[in-house]
Structures are given as structure tokens and as C-alpha cells.
Amino acid sequence: MSTAVKILLGVVGLIVGLVVIVIVWAVSSYNGMVSLQQGVDGQWAQVQNVYQRRSDLIPNLVSTVKGAANFEKSTLTAVTEARASVGRVQLPSGAAPSDPSQLAAFDKAQGQLGSALSRLLVVSEQYPQLRATSNFRDLQAQLEGTENRISVERGRFNEVVQAYNTAIRSFPGVILAGMFHFSAKPYFTATAGAETAPKVDFGN
């Protein structure tokens, strides 16, 4: 075998080797991005679950509070309307939103509901006969746990979004991300008072 043929075969072998390396890297990177994206979507489902739990508790709370004589109707109306506004926010089905404006609208509606709920609970402190009922105390405990859970799940969502966004924006992953349309996900951002859960302590 001539030297030229050996050189040619060596070059071909090198090229094939590089192609194999690139393919292995591409497959591995793509699968990694898919895994991270699924992690974001899975955590988004958890966020929605805890918000839904809060929403599901509200009708029972409103019903219980209505039994208190002369309870402020405007406060109950504000909670009911805020809960309804959450349901009007349109989000993609089954996946975390990629449009920051969608997440902002969802976050704003949830924030308004949280504020209205907080006001209702604060006003409820003025009704000792209401605080004395076991149903109200149970709802208090459930709401307190749910608010804490919301904070935890939002934090976890931001963590998985950070990992995903870093992967699709870092070189050379950004090349594959562009080719396969992996888009960045927005974060939950803190709003005024967001670090404090609605007050649910009815003790003196």
C-alpha cells in the first residue's frame, strides 16, 4: 500500500472519527436539553398544583366566613372576583410558558388573589365566634401550609429554569438549541410583599 493511500485512509479515518464525536455530542446534548425542558415542565405542573389547591380551599373559606354576622361583603366579593380572574389567564397546556408576558399575567392574577385572601383573613380576626369554629381553624392551617408550599415550588421552578436556560444559552449548546427551537423560559420574579405569605395567624 502506497504512502499516499495510507495518508488518505488516515485522513478519512480522522474525518469519520470527528463525525462520530460530533454526532455523539449532538445526541447527548439534545437529550440533555430535552431532559432539562421536561424538568421545567414537571416543576411548572407542581406550581400549578399548589396554586390550584389554594383556589380549591377558597370556596370553603368563603362559605365558612359568610356565616359570621355582618361580615364585610366587599371583602368576600374581592376574593371571589380575584379567584375568577385567575381562571381567565390563558396558558399553554402541559408546558411551562415561554412567553414572559404570559407568566407575568399569571403571576399578577395569583398575586391579586393572594392579596384579597390576605385581607379576608385579617378582617376575620375581628370575629371571635368565627375563629372559634373548628372548620375555620382547619382552613387556616391548610391555607398556611399551602402558602408555604407555593413559595417552595416557585423557588424550585426558578432553579430548574436557570439550569435549562444556562444549557441552551451556553456554547456550543446554543447551536443545537437554535436548530431544534429550544426557547428560554421566564422566571417568577419577586413582587412587593411576595416574600411574606398572607397572614393566617388568628391568635391574640
# chains A, B, ... in the order shown; residues from 1 in each chain; ligands from 1
$ residues_around --residues "Glu81 of chain A" --least-positions-apart "6" --cutoff "12 Å" --atoms "only C-alpha atoms" --output "PyMOL selection string"
chain A and resi 55+58-59+62+74-75+87-88+109-110+112-114+116-117
$ write_last_selection --atoms "N, CA and C atoms" --output "mmCIF file, in the first residue's frame"
data_model
loop_
_atom_site.group_PDB
_atom_site.id
_atom_site.type_symbol
_atom_site.label_atom_id
_atom_site.label_comp_id
_atom_site.auth_asym_id
_atom_site.auth_seq_id
_atom_site.Cartn_x
_atom_site.Cartn_y
_atom_site.Cartn_z
ATOM 1 N N SER A 55 -56.759 27.665 45.417
ATOM 2 C CA SER A 55 -58.019 28.037 44.789
ATOM 3 C C SER A 55 -59.164 27.145 45.260
ATOM 4 N N ILE A 58 -60.593 28.089 48.741
ATOM 5 C CA ILE A 58 -61.273 29.380 48.893
ATOM 6 C C ILE A 58 -62.789 29.255 49.004
ATOM 7 N N PRO A 59 -63.473 28.438 48.171
ATOM 8 C CA PRO A 59 -64.933 28.352 48.331
ATOM 9 C C PRO A 59 -65.360 27.924 49.738
ATOM 10 N N VAL A 62 -64.800 30.956 52.041
ATOM 11 C CA VAL A 62 -65.829 31.967 51.835
ATOM 12 C C VAL A 62 -67.148 31.513 52.454
ATOM 13 N N SER A 74 -67.864 43.201 50.865
ATOM 14 C CA SER A 74 -66.909 43.659 49.846
ATOM 15 C C SER A 74 -65.634 42.834 49.873
ATOM 16 N N THR A 75 -65.231 42.390 51.039
ATOM 17 C CA THR A 75 -64.032 41.571 51.175
ATOM 18 C C THR A 75 -64.246 40.201 50.540
ATOM 19 N N GLY A 87 -58.672 32.180 36.719
ATOM 20 C CA GLY A 87 -59.141 31.216 35.734
ATOM 21 C C GLY A 87 -59.209 31.760 34.319
ATOM 22 N N ARG A 88 -59.183 33.077 34.187
ATOM 23 C CA ARG A 88 -59.258 33.684 32.850
ATOM 24 C C ARG A 88 -57.886 33.834 32.187
ATOM 25 N N ALA A 109 -52.251 37.784 38.421
ATOM 26 C CA ALA A 109 -53.568 37.320 38.865
ATOM 27 C C ALA A 109 -53.454 36.561 40.185
ATOM 28 N N GLN A 110 -52.434 35.720 40.317
ATOM 29 C CA GLN A 110 -52.239 34.984 41.563
ATOM 30 C C GLN A 110 -51.895 35.931 42.709
ATOM 31 N N GLN A 112 -52.899 39.046 42.999
ATOM 32 C CA GLN A 112 -54.125 39.739 43.391
ATOM 33 C C GLN A 112 -55.005 38.842 44.262
ATOM 34 N N LEU A 113 -55.049 37.557 43.903
ATOM 35 C CA LEU A 113 -55.818 36.618 44.710
ATOM 36 C C LEU A 113 -55.202 36.481 46.095
ATOM 37 N N GLY A 114 -53.882 36.389 46.156
ATOM 38 C CA GLY A 114 -53.211 36.286 47.448
ATOM 39 C C GLY A 114 -53.471 37.498 48.326
ATOM 40 N N ALA A 116 -56.094 39.586 48.123
ATOM 41 C CA ALA A 116 -57.501 39.592 48.537
ATOM 42 C C ALA A 116 -57.733 38.581 49.653
ATOM 43 N N LEU A 117 -57.108 37.424 49.532
ATOM 44 C CA LEU A 117 -57.234 36.395 50.557
ATOM 45 C C LEU A 117 -56.624 36.858 51.871
#
$ residues_around --residues "segment 126-130 of chain A" --least-positions-apart "4" --cutoff "10 Å" --atoms "only C-alpha atoms" --output "PyMOL selection string"
chain A and resi 64-71+121-122+134-137+202
$ atom_distance --atom1 "atom CA of Arg154 of chain A" --atom2 "atom CA of Leu36 of chain A"
16.6 Å
$ residues_around --residues "Val160 of chain A" --least-positions-apart "2" --cutoff "8 Å" --atoms "only C-alpha atoms" --output "short mmCIF file (atom, residue, chain, number, x, y, z; two decimals) with C-alpha atoms, in the first residue's frame"
data_model
loop_
_atom_site.label_atom_id
_atom_site.label_comp_id
_atom_site.auth_asym_id
_atom_site.auth_seq_id
_atom_site.Cartn_x
_atom_site.Cartn_y
_atom_site.Cartn_z
CA LEU A 36 -33.99 19.78 31.37
CA GLY A 39 -37.84 19.10 34.35
CA VAL A 40 -39.08 22.65 33.84
CA GLN A 43 -41.93 21.68 38.08
CA ARG A 156 -37.77 25.22 42.72
CA PHE A 157 -39.28 26.32 39.42
CA ASN A 158 -36.77 29.17 39.16
CA GLN A 162 -32.00 28.56 35.49
CA ALA A 163 -30.39 25.19 34.72
CA TYR A 164 -32.35 24.86 31.47
#
$ select_by_dssp --residues "segment 60-179 of chain A" --states "helix (DSSP H, G or I)" --output "MDAnalysis selection string"
chainID A and resid 60:66 73:87 100:124 128:131 134:169 173:179
$ residues_around --residues "Leu143 of chain A" --least-positions-apart "5" --cutoff "12 Å" --atoms "only C-alpha atoms" --output "ChimeraX atom specification"
/A:50-58,60-61,114,117-118,121,136-138,148-150,197-201
